[in-house]
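Asker: Next comes the structure file upload.cif, holding mmCIF, C-alpha atoms.
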data_work
loop_
_atom_site.label_atom_id
_atom_site.label_comp_id
_atom_site.auth_asym_id
_atom_site.auth_seq_id
_atom_site.Cartn_x
_atom_site.Cartn_y
_atom_site.Cartn_z
CA MET A 1 -10.46 12.17 -27.28
CA THR A 2 -8.56 13.54 -24.31
CA GLY A 3 -5.17 13.38 -25.90
CA SER A 4 -3.84 11.55 -22.85
CA ARG A 5 -0.87 9.26 -23.35
CA ARG A 6 -0.73 5.99 -21.44
CA ALA A 7 2.48 4.81 -19.86
CA GLU A 8 4.19 1.57 -20.78
CA PRO A 9 2.71 -1.40 -18.90
CA GLY A 10 4.15 -1.86 -15.45
CA ALA A 11 3.40 -2.70 -11.85
CA ILE A 12 1.26 -0.16 -10.01
CA VAL A 13 1.74 -0.66 -6.28
CA PHE A 14 0.06 0.83 -3.25
CA THR A 15 1.45 0.42 0.25
CA ASP A 16 -0.45 1.17 3.43
CA ILE A 17 0.55 1.08 7.09
CA VAL A 18 -2.04 -0.85 9.07
CA GLY A 19 -3.16 0.85 12.26
CA PHE A 20 -1.42 4.12 11.50
CA THR A 21 -4.26 6.24 12.85
CA GLU A 22 -4.22 4.41 16.16
CA PHE A 23 -0.43 4.50 16.28
CA THR A 24 -0.49 8.28 15.81
CA ALA A 25 -3.17 8.71 18.45
CA THR A 26 -1.24 6.72 21.05
CA GLN A 27 2.37 7.54 20.15
CA GLY A 28 2.04 11.12 18.96
CA ASP A 29 2.75 12.99 15.74
CA ALA A 30 6.53 13.00 16.12
CA GLU A 31 6.70 9.19 16.33
CA ALA A 32 4.27 8.94 13.43
CA ILE A 33 6.44 11.13 11.24
CA LEU A 34 9.48 9.03 12.13
CA LEU A 35 7.52 5.95 11.12
CA LEU A 36 6.62 7.47 7.75
CA ASP A 37 10.25 8.43 7.18
CA ARG A 38 11.27 4.88 8.04
CA GLN A 39 8.73 3.44 5.61
CA GLU A 40 9.91 5.68 2.81
CA GLN A 41 13.55 4.74 3.42
CA LEU A 42 12.72 1.04 3.49
CA VAL A 43 10.81 1.40 0.22
CA ARG A 44 13.69 3.29 -1.42
CA ASP A 45 16.09 0.57 -0.29
CA ALA A 46 13.81 -2.17 -1.68
CA LEU A 47 13.03 -0.59 -5.05
CA PRO A 48 14.81 -2.06 -8.07
CA SER A 49 16.34 -0.05 -10.86
CA GLY A 50 13.83 1.89 -12.95
CA ALA A 51 11.21 1.96 -10.22
CA ARG A 52 10.05 5.12 -8.46
CA ILE A 53 7.89 6.46 -5.68
CA VAL A 54 5.13 8.30 -7.53
CA LYS A 55 3.65 10.01 -4.50
CA GLU A 56 2.96 9.84 -0.79
CA LEU A 57 -0.62 9.27 0.33
CA GLY A 58 -0.80 9.92 4.06
CA ASP A 59 0.49 6.66 5.52
CA GLY A 60 0.85 4.98 2.14
CA LEU A 61 2.81 5.26 -1.05
CA LEU A 62 2.06 4.85 -4.74
CA LEU A 63 4.91 3.10 -6.54
CA TRP A 64 5.65 2.36 -10.17
CA LEU A 65 7.88 -0.55 -11.17
CA PRO A 66 8.62 -1.48 -14.78
CA GLU A 67 8.97 -5.25 -14.32
CA ALA A 68 6.65 -7.69 -12.63
CA TYR A 69 8.94 -10.12 -10.85
CA PRO A 70 11.29 -7.49 -9.38
CA ALA A 71 8.16 -5.65 -8.23
CA LEU A 72 6.92 -8.76 -6.46
CA VAL A 73 10.26 -9.42 -4.80
CA ALA A 74 10.54 -5.79 -3.71
CA GLY A 75 7.08 -5.98 -2.19
CA LEU A 76 7.84 -9.12 -0.24
CA ASP A 77 11.16 -7.63 0.91
CA LEU A 78 9.32 -4.55 2.13
CA LEU A 79 6.89 -6.65 4.18
CA ASP A 80 9.81 -8.43 5.85
CA ARG A 81 11.85 -5.31 6.49
CA PHE A 82 8.97 -3.26 7.82
CA GLY A 83 8.07 -5.91 10.36
CA GLU A 84 11.70 -6.20 11.46
CA ALA A 85 12.19 -2.43 11.64
CA THR A 86 9.20 -1.88 13.93
CA GLN A 87 10.00 -4.51 16.55
CA PRO A 88 9.40 -5.25 19.38
CA THR A 89 5.71 -4.64 18.73
CA ALA A 90 5.65 -4.92 15.00
CA LEU A 91 3.61 -2.61 12.85
CA TRP A 92 2.45 -3.96 9.55
CA VAL A 93 2.40 -2.73 6.06
CA ARG A 94 0.11 -4.16 3.40
CA ILE A 95 0.53 -4.02 -0.34
CA GLY A 96 -1.75 -4.12 -3.38
CA MET A 97 -0.32 -4.63 -6.87
CA HIS A 98 -1.85 -4.40 -10.34
CA TRP A 99 -0.27 -4.59 -13.78
CA GLY A 100 -1.49 -2.01 -16.21
CA SER A 101 -0.91 1.12 -18.27
CA PRO A 102 -1.85 4.20 -16.28
CA THR A 103 -1.90 7.70 -17.70
CA PRO A 104 0.85 10.10 -16.61
CA ARG A 105 -0.30 13.45 -15.25
CA GLY A 106 2.83 15.41 -14.55
CA ASP A 107 4.80 13.19 -12.16
CA ASP A 108 1.58 11.51 -11.07
CA LEU A 109 -0.14 8.46 -12.51
CA VAL A 110 -3.91 8.31 -12.89
CA GLY A 111 -6.56 6.14 -14.48
CA HIS A 112 -8.55 2.98 -13.99
CA ASP A 113 -5.51 0.79 -13.40
CA VAL A 114 -4.36 3.08 -10.57
CA ASN A 115 -7.83 3.03 -9.04
CA LEU A 116 -7.90 -0.74 -9.23
CA ALA A 117 -4.51 -1.06 -7.52
CA ALA A 118 -5.80 1.22 -4.74
CA ARG A 119 -8.79 -1.07 -4.24
CA ILE A 120 -6.59 -4.16 -4.06
CA VAL A 121 -4.62 -2.82 -1.11
CA ASP A 122 -7.93 -2.32 0.70
CA VAL A 123 -8.49 -6.08 0.53
CA ALA A 124 -5.02 -6.95 1.84
CA GLY A 125 -4.57 -7.78 5.49
CA PRO A 126 -1.67 -6.85 7.77
CA GLY A 127 1.62 -8.01 6.33
CA GLU A 128 0.07 -9.17 3.08
CA LEU A 129 0.79 -8.63 -0.58
CA LEU A 130 -2.14 -9.13 -2.93
CA LEU A 131 -1.91 -8.93 -6.67
CA SER A 132 -4.32 -9.04 -9.58
CA ALA A 133 -4.54 -11.64 -12.32
CA THR A 134 -2.81 -9.22 -14.69
CA VAL A 135 0.30 -9.31 -12.48
CA ARG A 136 -0.01 -13.09 -12.33
CA ALA A 137 -0.04 -13.19 -16.13
CA ALA A 138 2.97 -10.87 -16.38
CA LEU A 139 4.83 -13.08 -13.90
CA ASP A 140 4.12 -16.36 -15.62
CA ALA A 141 7.50 -17.04 -17.15
CA THR A 142 9.61 -15.50 -14.43
CA ILE A 143 8.22 -16.58 -11.08
CA SER A 144 10.66 -18.58 -8.99
CA ALA A 145 10.13 -21.52 -6.68
CA ASP A 146 10.74 -19.20 -3.72
CA VAL A 147 7.42 -17.42 -4.19
CA ARG A 148 3.98 -18.86 -3.74
CA LEU A 149 0.78 -17.44 -5.19
CA ASP A 150 -2.53 -18.54 -3.66
CA GLU A 151 -5.68 -17.68 -5.54
CA LEU A 152 -8.34 -15.77 -3.57
CA GLY A 153 -10.87 -16.02 -6.39
CA PRO A 154 -13.11 -13.25 -7.71
CA VAL A 155 -13.21 -10.14 -5.55
CA VAL A 156 -15.91 -7.50 -5.88
CA MET A 157 -14.46 -4.05 -5.25
CA ARG A 158 -16.18 -0.72 -4.81
CA GLY A 159 -16.34 1.27 -8.04
CA ILE A 160 -14.85 -1.52 -10.14
CA PRO A 161 -17.55 -2.89 -12.48
CA GLU A 162 -16.31 -6.46 -12.81
CA PRO A 163 -14.99 -8.84 -10.14
CA VAL A 164 -11.20 -9.09 -10.20
CA ARG A 165 -9.37 -12.33 -9.54
CA LEU A 166 -6.75 -11.79 -6.84
CA TYR A 167 -3.78 -13.78 -5.59
CA ARG A 168 -1.94 -13.69 -2.29
CA ALA A 169 1.84 -13.69 -2.65
CA SER A 170 4.14 -15.10 -0.02
CA ARG A 171 7.52 -16.71 0.28
CA THR A 172 7.53 -20.47 0.43
CA PRO A 173 8.43 -22.05 3.78
CA GLU A 174 11.71 -23.21 2.23
CA ALA A 175 12.55 -19.64 1.25
CA THR A 176 11.83 -18.29 4.72
CA ALA A 177 13.69 -21.08 6.56
CA MET B 178 -34.91 -3.36 -17.65
CA MET B 179 -35.89 -6.66 -16.12
CA GLU B 180 -33.05 -8.88 -14.90
CA LEU B 181 -33.22 -12.41 -16.18
CA MET B 182 -32.51 -15.06 -13.58
CA LEU B 183 -31.56 -18.58 -14.51
CA GLY B 184 -33.66 -21.42 -13.23
CA PRO B 185 -32.01 -24.33 -11.43
CA THR B 186 -28.88 -25.30 -13.38
CA SER B 187 -26.93 -28.50 -12.97
CA LEU B 188 -23.42 -29.12 -14.31
CA GLU B 189 -21.65 -32.47 -14.09
CA VAL B 190 -18.21 -31.99 -12.57
CA ASP B 191 -15.38 -33.89 -11.02
CA ALA B 192 -14.26 -33.09 -7.52
CA THR B 193 -11.14 -31.28 -8.70
CA MET B 194 -13.08 -28.57 -10.53
CA PRO B 195 -13.20 -25.39 -8.44
CA LEU B 196 -16.33 -23.30 -8.06
CA ARG B 197 -16.05 -19.52 -8.38
CA VAL B 198 -18.97 -17.39 -7.31
CA ALA B 199 -19.24 -13.62 -7.67
CA THR B 200 -22.21 -11.48 -6.78
CA ARG B 201 -22.84 -7.83 -5.98
CA SER B 202 -25.28 -8.32 -3.14
CA GLY B 203 -27.39 -10.93 -1.48
CA ALA B 204 -26.72 -13.98 0.57
CA VAL B 205 -24.60 -16.82 -0.79
CA THR B 206 -25.24 -20.31 0.52
CA ILE B 207 -23.12 -23.20 -0.70
CA THR B 208 -23.37 -26.75 0.57
CA GLY B 209 -20.74 -29.42 -0.01
CA GLU B 210 -22.47 -32.78 0.02
CA ASP B 211 -22.47 -36.27 -1.45
CA ARG B 212 -23.26 -35.53 -5.08
CA ALA B 213 -21.52 -35.53 -8.47
CA ASP B 214 -22.76 -32.26 -9.92
CA VAL B 215 -22.85 -28.56 -9.14
CA LEU B 216 -26.47 -27.58 -8.73
CA VAL B 217 -27.20 -23.86 -8.83
CA GLU B 218 -30.64 -23.76 -7.28
CA SER B 219 -31.41 -20.06 -7.40
CA GLY B 220 -30.07 -16.53 -7.67
CA ALA B 221 -27.69 -16.87 -10.63
CA ASP B 222 -27.85 -14.89 -13.82
CA ASP B 223 -24.91 -16.66 -15.43
CA VAL B 224 -23.38 -20.09 -14.96
CA THR B 225 -20.46 -21.14 -17.14
CA ARG B 226 -17.92 -23.91 -17.25
CA GLY B 227 -14.56 -22.24 -17.83
CA HIS B 228 -11.22 -23.86 -18.55
CA ASP B 229 -10.34 -23.76 -14.86
CA GLY B 230 -13.66 -24.18 -13.06
CA ILE B 231 -17.32 -23.38 -12.81
CA ASP B 232 -18.15 -19.66 -12.73
CA VAL B 233 -21.42 -18.49 -11.21
CA ARG B 234 -22.49 -14.85 -11.42
CA GLY B 235 -25.31 -13.19 -9.52
CA ARG B 236 -26.37 -9.56 -9.33
CA GLY B 237 -28.72 -9.65 -6.36
CA GLY B 238 -30.88 -11.96 -4.36
CA ALA B 239 -29.95 -15.16 -2.64
CA LEU B 240 -27.59 -17.53 -4.42
CA VAL B 241 -28.05 -21.14 -3.41
CA ILE B 242 -25.61 -23.74 -4.70
CA ARG B 243 -24.90 -27.39 -3.96
CA CYS B 244 -21.63 -29.03 -4.93
CA PRO B 245 -19.63 -32.22 -4.35
CA MET B 246 -17.88 -32.64 -1.02
CA GLY B 247 -14.29 -31.45 -1.18
CA THR B 248 -14.90 -28.85 -3.88
CA ASP B 249 -12.62 -25.82 -3.77
CA VAL B 250 -14.87 -22.79 -3.45
CA PHE B 251 -14.01 -19.15 -4.19
CA VAL B 252 -16.62 -16.53 -3.32
CA GLY B 253 -16.49 -12.79 -3.88
CA CYS B 254 -19.36 -10.49 -3.01
CA ALA B 255 -19.98 -6.91 -2.07
CA SER B 256 -22.47 -7.38 0.70
CA GLY B 257 -24.44 -10.24 2.12
CA VAL B 258 -24.05 -13.23 4.35
CA VAL B 259 -21.87 -16.03 3.00
CA ALA B 260 -22.72 -19.40 4.53
CA LEU B 261 -20.74 -22.48 3.54
CA HIS B 262 -22.22 -25.72 4.81
CA GLY B 263 -21.13 -29.31 4.70
CA SER B 264 -17.62 -30.36 3.83
CA LEU B 265 -15.63 -28.35 1.30
CA GLY B 266 -12.08 -28.24 -0.01
CA LEU B 267 -10.13 -24.98 -0.02
CA VAL B 268 -12.44 -22.10 0.77
CA ARG B 269 -11.70 -18.50 -0.17
CA VAL B 270 -14.28 -15.85 0.65
CA THR B 271 -13.97 -12.08 0.25
CA THR B 272 -16.83 -9.75 1.04
CA ARG B 273 -16.97 -6.02 1.77
CA SER B 274 -19.68 -6.29 4.39
CA GLY B 275 -21.32 -9.40 5.61
CA ARG B 276 -20.96 -12.32 7.94
CA ILE B 277 -19.00 -15.39 6.82
CA THR B 278 -19.60 -18.84 8.25
CA VAL B 279 -17.76 -22.02 7.30
CA GLU B 280 -18.81 -25.37 8.67
CA ARG B 281 -15.92 -27.52 7.52
CA ALA B 282 -13.15 -26.99 4.98
CA GLN B 283 -9.71 -28.30 4.17
CA GLY B 284 -8.34 -24.77 4.21
CA VAL B 285 -9.84 -21.33 4.74
CA ASP B 286 -9.12 -17.76 3.67
CA ALA B 287 -12.02 -15.57 4.78
CA ARG B 288 -11.93 -11.79 4.73
CA THR B 289 -14.61 -9.18 5.28
CA ALA B 290 -14.38 -5.46 5.86
CA SER B 291 -17.22 -5.32 8.34
CA GLY B 292 -18.68 -8.55 9.53
CA SER B 293 -17.93 -11.49 11.74
CA ILE B 294 -16.21 -14.69 10.64
CA THR B 295 -16.96 -18.11 12.10
CA VAL B 296 -15.04 -21.22 11.08
CA GLU B 297 -16.19 -24.35 12.86
CA HIS B 298 -13.59 -26.79 11.57
CA CYS B 299 -10.59 -26.31 9.32
CA ASP B 300 -8.41 -29.30 8.53
CA ALA B 301 -5.34 -27.22 7.65
CA ALA B 302 -4.44 -23.52 7.54
CA CYS B 303 -7.17 -21.08 8.53
CA ARG B 304 -6.67 -17.44 7.57
CA CYS B 305 -9.32 -14.92 8.67
CA GLN B 306 -9.32 -11.15 8.37
CA THR B 307 -11.92 -8.59 9.30
CA LYS B 308 -11.63 -4.86 9.81
CA SER B 309 -14.44 -4.60 12.33
CA GLY B 310 -15.91 -7.86 13.40
CA ARG B 311 -15.45 -10.87 15.58
CA ILE B 312 -13.42 -13.91 14.52
CA HIS B 313 -14.28 -17.28 15.99
CA VAL B 314 -12.46 -20.46 15.04
CA GLY B 315 -13.64 -23.71 16.54
CA ARG B 316 -10.85 -26.03 15.49
CA ALA B 317 -8.02 -25.58 13.01
CA GLU B 318 -4.63 -27.10 12.35
CA SER B 319 -3.04 -23.66 12.15
CA GLY B 320 -4.17 -20.10 11.83
CA GLU B 321 -3.40 -16.55 10.76
CA LEU B 322 -6.05 -14.29 12.22
CA ALA B 323 -6.24 -10.52 11.96
CA THR B 324 -8.76 -7.90 12.92
CA ALA B 325 -8.42 -4.14 13.12
CA SER B 326 -11.13 -3.76 15.73
CA GLY B 327 -12.85 -6.86 16.94
CA SER B 328 -12.33 -9.81 19.20
CA VAL B 329 -10.66 -13.10 18.32
CA ALA B 330 -11.68 -16.36 19.96
CA VAL B 331 -10.15 -19.72 19.13
CA ASP B 332 -11.30 -22.89 20.85
CA ALA B 333 -8.54 -25.26 19.76
CA ILE B 334 -5.76 -24.60 17.31
CA GLY B 335 -2.23 -25.56 16.40
CA ALA B 336 0.33 -22.92 15.52
CA VAL B 337 -1.33 -19.55 15.31
CA HIS B 338 -0.40 -15.95 14.55
CA VAL B 339 -2.90 -13.31 15.66
CA ARG B 340 -2.72 -9.62 14.81
CA VAL B 341 -5.22 -7.29 16.46
CA GLY B 342 -5.58 -3.52 16.39
CA SER B 343 -8.05 -3.18 19.23
CA GLY B 344 -9.98 -6.09 20.62
CA ASN B 345 -9.68 -8.97 23.02
CA VAL B 346 -8.01 -12.24 22.09
CA THR B 347 -8.75 -15.65 23.63
CA ILE B 348 -6.89 -18.72 22.43
CA GLY B 349 -7.33 -22.29 23.58
CA LEU B 350 -4.47 -24.71 23.13
CA THR B 351 -4.61 -28.49 23.28
CA GLU B 352 -0.97 -29.31 22.62
CA PRO B 353 2.46 -27.68 22.59
CA VAL B 354 2.51 -25.29 19.61
CA ALA B 355 3.85 -21.90 18.56
CA VAL B 356 1.54 -19.02 19.43
CA GLN B 357 2.27 -15.46 18.42
CA VAL B 358 -0.05 -12.59 19.26
CA GLU B 359 0.58 -8.96 18.40
CA ALA B 360 -2.02 -6.52 19.71
CA HIS B 361 -2.08 -2.76 19.88
CA SER B 362 -4.79 -2.59 22.53
CA GLY B 363 -6.95 -5.19 24.17
CA SER B 364 -6.47 -8.10 26.52
CA VAL B 365 -4.90 -11.37 25.42
CA THR B 366 -5.72 -14.66 27.13
CA VAL B 367 -4.10 -17.97 26.25
CA ASN B 368 -5.54 -21.07 27.92
CA VAL B 369 -3.08 -23.94 28.07
CA PRO B 370 -3.60 -27.54 29.18
CA GLY B 371 -2.50 -28.35 32.71
CA GLY B 372 1.13 -29.38 32.97
CA LEU B 373 2.24 -27.71 29.75
CA ARG B 374 5.49 -25.78 30.10
CA PRO B 375 5.80 -23.51 27.09
CA ALA B 376 8.60 -21.11 26.29
CA LEU B 377 7.23 -17.71 27.22
CA ASP B 378 7.83 -14.23 25.82
CA LEU B 379 5.11 -11.96 27.21
CA ARG B 380 5.52 -8.22 26.79
CA ALA B 381 2.93 -5.58 27.64
CA MET B 382 4.19 -2.03 27.17
CA SER B 383 1.40 -0.78 29.44
CA GLY B 384 -0.68 -3.47 31.06
CA GLN B 385 -0.40 -6.36 33.48
CA VAL B 386 1.07 -9.76 32.70
CA ARG B 387 -0.26 -12.82 34.50
CA CYS B 388 1.12 -16.28 33.82
CA ASP B 389 0.18 -19.52 35.61
CA CYS B 390 2.67 -21.67 33.73
CA GLU B 391 6.21 -22.55 34.51
CA PRO B 392 8.41 -21.80 31.51
CA GLY B 393 9.77 -24.72 29.57
CA ALA B 394 10.11 -25.98 26.03
CA ASP B 395 6.60 -27.28 25.30
CA GLY B 396 5.93 -25.05 22.33
CA ALA B 397 6.21 -21.28 22.59
CA ILE B 398 3.85 -18.47 23.51
CA ARG B 399 4.88 -15.00 22.38
CA VAL B 400 2.52 -12.13 23.12
CA MET B 401 3.19 -8.45 22.63
CA THR B 402 0.74 -5.66 23.36
CA ARG B 403 1.08 -1.92 23.41
CA SER B 404 -1.71 -1.53 25.94
CA GLY B 405 -3.63 -4.41 27.39
CA GLN B 406 -3.43 -7.24 29.86
CA ILE B 407 -1.79 -10.57 29.03
CA SER B 408 -2.94 -13.75 30.77
CA VAL B 409 -1.61 -17.25 30.26
CA ILE B 410 -3.89 -19.54 32.21
CA GLU B 411 -3.50 -23.21 33.02
CA ARG B 412 -6.81 -25.06 32.68
#
Would you encode the structure as C-alpha cells?
Answerer:
Amino acid sequence: MTGSRRAEPGAIVFTDIVGFTEFTATQGDAEAILLLDRQEQLVRDALPSGARIVKELGDGLLLWLPEAYPALVAGLDLLDRFGEATQPTALWVRIGMHWGSPTPRGDDLVGHDVNLAARIVDVAGPGELLLSATVRAALDATISADVRLDELGPVVMRGIPEPVRLYRASRTPEATA
Amino acid sequence: MMELMLGPTSLEVDATMPLRVATRSGAVTITGEDRADVLVESGADDVTRGHDGIDVRGRGGALVIRCPMGTDVFVGCASGVVALHGSLGLVRVTTRSGRITVERAQGVDARTASGSITVEHCDAACRCQTKSGRIHVGRAESGELATASGSVAVDAIGAVHVRVGSGNVTIGLTEPVAVQVEAHSGSVTVNVPGGLRPALDLRAMSGQVRCDCEPGADGAIRVMTRSGQISVIER
C-alpha cells in the first residue's frame, strides 16, 4: 500500500505545439516565449469552470477538467483559436484526452491514466484532438450533434500494455459552416 | 514460455462487421476480396467475435488476413509494415514505426511515427500523418495530409489540406478545387490543368513565388510557407 489517494474521475488532457522546436530555431527564443504565453492565455480562456492547468511541459500543458463534454468542447475551441491566433502561417496545437482517476501529488497529477493521456497526444496530428474510449464512454449521454467522433481503432502505445481504442473528435461540417 | 499461435481461423461475417487488428510487432497483411468470411491465415494468437466486430490479436510475426470486400478495417501495431490489398471499406491504421500501403479503400486514416504512407486509391476522404516519412496519394476525393519532416506527393486529388514541417510538397489537380498548403520549410508545387484559373493566395515569408496561372474563380489555391519556394505550374 502506498497510501496514495486517487482523484475523482475526470478528463486528463495534454496539449502540444507541433513544430515548436523548429519555430524556436527559426524565430528565436523571444518569439517562442510569446507563443507559449499566447497558448497559455488561449487555454485559460477556453477552460470551463472547475478546470485547471496542472503544469507546463515545455511547449505543452497538462490540464484537468472535471466533466467530459465541456472538456471536449474546450479542446475543440482551443484548436480553432490557436490556428486563428497564429495566422498568417498557422501553427498547430494537438490534443490528447483520457478519462480516468489520477493520483494527486501536491498540485501535480501522476499515475497510469496521466501516462496514457500523454501517449495519446503523441498519436495526434497537427490540429487534432484524439480521445480514448473511456472519454467516449463518459460522453455517451451528453455529446451533441455538433461534434463528430471517428473511431481510429486499437492503438498500440509505448509502455502501455494493452492496445487502446482511440477516437478523433471534430466539429461536424454543419457546426463549422 | 512458448507462445501459442492459432492455426488458420475462419469466421462467417457480413460486410458490415468491422475488423480490428492489434499486434505488437510484425507485418500485417490484409486483403479485401470476394468472400463471405474473415480468414485469419497466420500470425494470430487470439481471434474473437465481439459485439461490434472481429478482433484479432497478434504478438509477433506476420499476420495474414483475408476479408470480404468493403470491410471496415482498423489496425494498430507498434512496428512492422502494414499492407492492405484489394478493396476495403473505411481503413484506419496506426503504427509507431513502419510503412503503410493501401491499395483501395472507401476512406483512409493512416498514421505512422516513422515510415512512409502510400494510398493508391481512396474513394472519399484520405487522411495521412507521418512524423518522418514520405506520403504519396495516387487518387483521392479529398485529403488531409500532414508530415513533420517528409515529402508529400499527390497525383490527383479533390480538396486537400496539407501541413508540412519540413519537406517538399507536390500536388496534382485535375479539376477546380480548394487547395490549402501550410509549410514551415520546403518547396511547394501545385500542378494545375491548362486553362484553369484558380483564386490564388500564395505567400512565402522567405522564398520565391512562381505562378503560371491567371487568377480567377476556378477553385482556390492557398499556400503559405515560412521558408521555401512556391510554384503553381500549368501543365
Asker: Output the contact residues of chain A with respect to chain B at a cut-off of 8 Å, based on all atoms listed in the file, as a ChimeraX atom specification.
Answerer: /A:19,88-90,123,125-126,152-158,163
Asker: Include C-alpha atoms and write out the residues we just selected as a compact mmCIF listing (two decimals), in the coordinates of the input.
Answerer:
# COMPACT_ATOMS: atom_id res chain seq x y z
CA GLY A 19 -3.16 0.85 12.26
CA PRO A 88 9.40 -5.25 19.38
CA THR A 89 5.71 -4.64 18.73
CA ALA A 90 5.65 -4.92 15.00
CA VAL A 123 -8.49 -6.08 0.53
CA GLY A 125 -4.57 -7.78 5.49
CA PRO A 126 -1.67 -6.85 7.77
CA LEU A 152 -8.34 -15.77 -3.57
CA GLY A 153 -10.87 -16.02 -6.39
CA PRO A 154 -13.11 -13.25 -7.71
CA VAL A 155 -13.21 -10.14 -5.55
CA VAL A 156 -15.91 -7.50 -5.88
CA MET A 157 -14.46 -4.05 -5.25
CA ARG A 158 -16.18 -0.72 -4.81
CA PRO A 163 -14.99 -8.84 -10.14
Asker: Atom CA of His228 of chain B and atom CA of Glu189 of chain B are how many Å apart?
Answerer: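 Distance between the two atoms: 14.2 Å.
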Asker: Atom CA of Ile334 of chain B to atom CA of Arg374 of chain B: how many Å, to one decimal?
Answerer: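 Between atom CA of Ile334 of chain B and atom CA of Arg374 of chain B the gap works out to 17.1 Å.
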Asker: What would the selection look like, as a list in words, if the PyMOL selection byres ((chain A and resi 49) around 12) were run on the coordinates I just shared?
Answerer: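 Selected by the PyMOL selection byres ((chain A and resi 49) around 12) here: Arg44, Asp45, Ala46, Leu47, Pro48, Gly50, Ala51, Arg52, Ile53, Trp64, Leu65, Pro66, Glu67, Pro70, Ala71 and Ala74 of chain A.
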Asker: As an exercise, work out the distance from atom CA of Gly263 of chain B to atom CA of Gly275 of chain B in Å and give it to one decimal place.
Answerer: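 Those two atoms sit 19.9 Å apart.
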Asker: For this structure, which residues satisfy the selection - the PyMOL selection byres ((chain A and resi 128) around 9) - when it is evaluated on the file as given? I want them as a PDB file with C-alpha atoms, in the coordinates of the input.
Answerer:
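Output file selection_31.pdb is given in full below:
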ATOM      1  CA  LEU A  76       7.840  -9.120  -0.240  1.00  0.00           C
ATOM      2  CA  LEU A  79       6.890  -6.650   4.180  1.00  0.00           C
ATOM      3  CA  TRP A  92       2.450  -3.960   9.550  1.00  0.00           C
ATOM      4  CA  VAL A  93       2.400  -2.730   6.060  1.00  0.00           C
ATOM      5  CA  ARG A  94       0.110  -4.160   3.400  1.00  0.00           C
ATOM      6  CA  ILE A  95       0.530  -4.020  -0.340  1.00  0.00           C
ATOM      7  CA  GLY A  96      -1.750  -4.120  -3.380  1.00  0.00           C
ATOM      8  CA  VAL A 121      -4.620  -2.820  -1.110  1.00  0.00           C
ATOM      9  CA  ALA A 124      -5.020  -6.950   1.840  1.00  0.00           C
ATOM     10  CA  GLY A 125      -4.570  -7.780   5.490  1.00  0.00           C
ATOM     11  CA  PRO A 126      -1.670  -6.850   7.770  1.00  0.00           C
ATOM     12  CA  GLY A 127       1.620  -8.010   6.330  1.00  0.00           C
ATOM     13  CA  LEU A 129       0.790  -8.630  -0.580  1.00  0.00           C
ATOM     14  CA  LEU A 130      -2.140  -9.130  -2.930  1.00  0.00           C
ATOM     15  CA  ARG A 168      -1.940 -13.690  -2.290  1.00  0.00           C
ATOM     16  CA  ALA A 169       1.840 -13.690  -2.650  1.00  0.00           C
ATOM     17  CA  SER A 170       4.140 -15.100  -0.020  1.00  0.00           C
TER      18      SER A 170
END
Asker: From (-12.1, -27.5, 11.3), in the file's coordinates, out to 7 Å: which residues are reached, counting only C-alpha atoms? Answer as a list in words.
Answerer: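 Residues satisfying the cut-off, written out: Arg281, Ala282, Val296, Glu297, His298, Cys299, Asp300, Gly315, Arg316 and Ala317 of chain B.
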Asker: Can you find the residues with an atom no farther than 9 Å from (8.5, 3.1, 8.2), counting only C-alpha atoms, and report them as number ranges by chain?
Answerer: A: 17, 32-43, 82, 85-86, 91, 93
Asker: Taking the file as I've supplied it (selection: the PyMOL selection byres ((chain A and resi 131-147) around 9)), which residues are included? Please answer as an MDAnalysis selection string.
Answerer: chainID A and resid 10:11 67:69 72:73 95:100 117 120:121 129:130 148:149 164:176
